[in-house]
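Engineer: Sharing a structure, written as structure tokens. Questions coming.
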Amino acid sequence: MGSGRPYRVAKTPSVPVTLSPREREVVRGIVAGRTNRELAREFGLNEQSVKNVLSTVYQKCHVRNRLELALFVMRHELLGDDVNGEKGFG
């Protein structure tokens with residue numbers, strides 16, 4: 001079931017994570033469990049565009065994949081109490 005290595009949640013960044021409105025929308029979708037294909041349809045994008053957005057978000061949050069991103073977002077309460085909220089991202 002994996003490499004046996006525990007997932008490490010990225011530490012709090014030294015500067016606030018600032019995401020664009022599109023990046024915030026994609027992050028909300030990831031936390032809600034949507035696939036790249038679902039996100040692409042929802043936002044009128046192609047799947048490669050969603051992957052490009054995710055790559056940028058991964059770099060900004062210092063994470064490697066969607067699981068680490070979801071853990072990071074929840075750990076740092078970047079979306080507030082509500083997945084559809086606006087709190088946390090500047």
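Residues are referred to by chain and number: the chain letter is A, B, ... according to the order shown in the structure tokens, the number counts from 1 in that chain, and ligands are numbered separately from 1 in the order shown.
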Env of Val53 of chain A: 12 Å cut, atoms = only C-alpha atoms, seq-sep filter 6 positions within chain, self excluded. Answer as a PyMOL selection string.
Structural biologist: chain A and resi 19-27+30+36+39-40+43+45-47+59-60+66
Engineer: For the selection you just gave me, I'd like the residues written to a file as a PDB file, in the first residue's frame, keeping C-alpha atoms.
Structural biologist:
ATOM      1  CA  LEU A  19      -2.697  31.972  -4.228  1.00  0.00           C
ATOM      2  CA  SER A  20      -4.630  33.368  -7.161  1.00  0.00           C
ATOM      3  CA  PRO A  21      -8.412  32.995  -7.243  1.00  0.00           C
ATOM      4  CA  ARG A  22      -8.053  30.098  -9.738  1.00  0.00           C
ATOM      5  CA  GLU A  23      -5.489  28.378  -7.511  1.00  0.00           C
ATOM      6  CA  ARG A  24      -7.835  28.724  -4.520  1.00  0.00           C
ATOM      7  CA  GLU A  25     -10.682  27.185  -6.537  1.00  0.00           C
ATOM      8  CA  VAL A  26      -8.522  24.229  -7.526  1.00  0.00           C
ATOM      9  CA  VAL A  27      -7.304  23.743  -3.937  1.00  0.00           C
ATOM     10  CA  ILE A  30      -8.693  18.937  -4.232  1.00  0.00           C
ATOM     11  CA  ASN A  36      -8.336  16.691 -12.309  1.00  0.00           C
ATOM     12  CA  LEU A  39     -12.006  20.182 -11.930  1.00  0.00           C
ATOM     13  CA  ALA A  40     -11.304  20.765 -15.621  1.00  0.00           C
ATOM     14  CA  PHE A  43     -13.802  25.399 -14.520  1.00  0.00           C
ATOM     15  CA  LEU A  45     -10.258  24.106 -18.563  1.00  0.00           C
ATOM     16  CA  ASN A  46      -8.408  21.181 -20.050  1.00  0.00           C
ATOM     17  CA  GLU A  47      -6.799  18.657 -17.708  1.00  0.00           C
ATOM     18  CA  GLN A  59       5.649  24.714  -5.261  1.00  0.00           C
ATOM     19  CA  LYS A  60       4.077  27.556  -3.297  1.00  0.00           C
ATOM     20  CA  ARG A  66      -2.484  16.286  -3.724  1.00  0.00           C
TER      21      ARG A  66
END
Engineer: Can you pull out every residue within 8 Å of Leu69 of chain A, counting only C-alpha atoms, but drop anything in the same chain fewer than 6 positions away, and send it as a list in words?
Structural biologist: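 So the residues in contact are Val27, Tyr58, Cys61 and Val63 of chain A.
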